[in-house]
Amino acid sequence: MIYITRRETFNAAHRLFKPQWDDEKNLQVFGKCSNPNWHGHNYVLYVSVKGEVDPETGFLVNLKQLSQAIKTEVLEKLDHKNINLEVDFMKNTIPSTENLAIAIWNQLQEPVKQLGAQLHCIKISETENNFAEYYG
Ligand code: NI
């Protein structure tokens with residue numbers, strides 16, 4: 001079994017809040033990310049897949065095709081968007097790093113299979129100091 005990772009970046013706006021709470025309670029729980037007028041992050045996404053090396057190509061997966069799948073399924077839907085308002089696969093979900101990792105996993109699991117590999121890990125960092133990892 002071998003693992004390979006593709007790194008991608010995107011930026012997006014969000015607000016962490018629960019509509020049934022007032023701004024004060026949201027600030028208490030979500031901190032600066034609860035700012036009512038939105039804010040953005042420069043996200044870094046690491047998509048790790050696993051499988052066996054194809055002896056014919058020496059590749060586990062064609063990284064160009066993997067990158068294209070990530071673009072179609074994730075980046076085109078997220079990049080320069082407001083995650084709360086514009087991203088279909090994040091509807092009715094608090095746009096935390098954790099929930100983004102899970103949603104991106106769900107977006108990519110099937111496309112990665114079609115490339116002949118298995119999704120291993122979605123790692124996403126919201127800031128230099130915070131990242132989440134999801135292994136399914
Ligand atoms: Ni934030």
# chains A, B, ... in the order shown; residues from 1 in each chain; ligands from 1

call {"tool": "closest_atom_pairs", "arguments": {"of": "chain A", "to": "ligand 1", "cutoff": "9 Å", "atoms": "only C-alpha atoms and all ligand atoms", "output": "Markdown table"}}
result
| residue | atom | partner | partner_atom_place_in_ligand_line | distance |
| --- | --- | --- | --- | --- |
| A:Ala13 | CA | ligand 1 | 1 (Ni) | 7.6 |
| A:His14 | CA | ligand 1 | 1 (Ni) | 6.1 |
| A:Arg15 | CA | ligand 1 | 1 (Ni) | 6.3 |
| A:Leu16 | CA | ligand 1 | 1 (Ni) | 6.8 |
| A:Phe30 | CA | ligand 1 | 1 (Ni) | 8.6 |
| A:Gly31 | CA | ligand 1 | 1 (Ni) | 8.7 |
| A:Lys32 | CA | ligand 1 | 1 (Ni) | 6.9 |
| A:Cys33 | CA | ligand 1 | 1 (Ni) | 3.9 |
| A:Ser34 | CA | ligand 1 | 1 (Ni) | 7.3 |
| A:Asn35 | CA | ligand 1 | 1 (Ni) | 8.5 |
| A:Trp38 | CA | ligand 1 | 1 (Ni) | 8.2 |
| A:His39 | CA | ligand 1 | 1 (Ni) | 6.4 |
| A:Gly40 | CA | ligand 1 | 1 (Ni) | 6.5 |
| A:His41 | CA | ligand 1 | 1 (Ni) | 6.4 |
| A:Pro95 | CA | ligand 1 | 1 (Ni) | 8.5 |
| A:Ser96 | CA | ligand 1 | 1 (Ni) | 7.7 |
| A:Thr97 | CA | ligand 1 | 1 (Ni) | 8.7 |
| A:Glu126 | CA | ligand 1 | 1 (Ni) | 7.5 |
| A:Thr127 | CA | ligand 1 | 1 (Ni) | 8.8 |

call {"tool": "residues_around", "arguments": {"residues": "stretch 117-119 of chain A", "least_positions_apart": "5", "cutoff": "9 Å", "atoms": "only C-alpha atoms", "output": "PyMOL selection string"}}
result
chain A and resi 47-52+60-61+105+108-110+112+135-136

call {"tool": "atom_distance", "arguments": {"atom1": "atom CA of A:Arg7", "atom2": "atom CA of A:Ile122"}}
result
10.2 Å

call {"tool": "atom_distance", "arguments": {"atom1": "atom CA of A:Asn11", "atom2": "atom CA of A:Leu27"}}
result
22.5 Å

call {"tool": "residues_around", "arguments": {"residues": "A:Phe10", "least_positions_apart": "3", "cutoff": "8 Å", "atoms": "only C-alpha atoms", "output": "short mmCIF file (atom, residue, chain, number, x, y, z; two decimals) with N, CA and C atoms, in the first residue's frame"}}
result
data_model
loop_
_atom_site.label_atom_id
_atom_site.label_comp_id
_atom_site.auth_asym_id
_atom_site.auth_seq_id
_atom_site.Cartn_x
_atom_site.Cartn_y
_atom_site.Cartn_z
N ASN A 42 -7.63 31.81 4.09
CA ASN A 42 -6.88 31.16 3.02
C ASN A 42 -6.69 29.71 3.42
N TYR A 43 -7.47 28.86 2.85
CA TYR A 43 -7.46 27.44 3.23
C TYR A 43 -6.40 26.68 2.43
N VAL A 44 -5.82 25.69 3.09
CA VAL A 44 -4.94 24.76 2.40
C VAL A 44 -5.55 23.37 2.58
N LEU A 45 -5.70 22.68 1.45
CA LEU A 45 -6.36 21.37 1.45
C LEU A 45 -5.36 20.31 1.01
N LEU A 75 -13.05 22.70 -5.52
CA LEU A 75 -12.53 24.07 -5.62
C LEU A 75 -13.47 25.01 -6.39
N LEU A 78 -16.08 26.07 -3.99
CA LEU A 78 -15.70 26.75 -2.74
C LEU A 78 -14.89 28.03 -2.95
N ASP A 79 -14.03 28.03 -3.95
CA ASP A 79 -13.04 29.10 -4.07
C ASP A 79 -13.71 30.45 -4.32
N HIS A 80 -13.36 31.45 -3.52
CA HIS A 80 -13.91 32.80 -3.60
C HIS A 80 -15.41 32.84 -3.33
#

call {"tool": "select_by_dssp", "arguments": {"residues": "chain A", "states": "helix (DSSP H, G or I)", "output": "ChimeraX atom specification"}}
result
/A:23-34,63-78,83-86,88-90,97-114
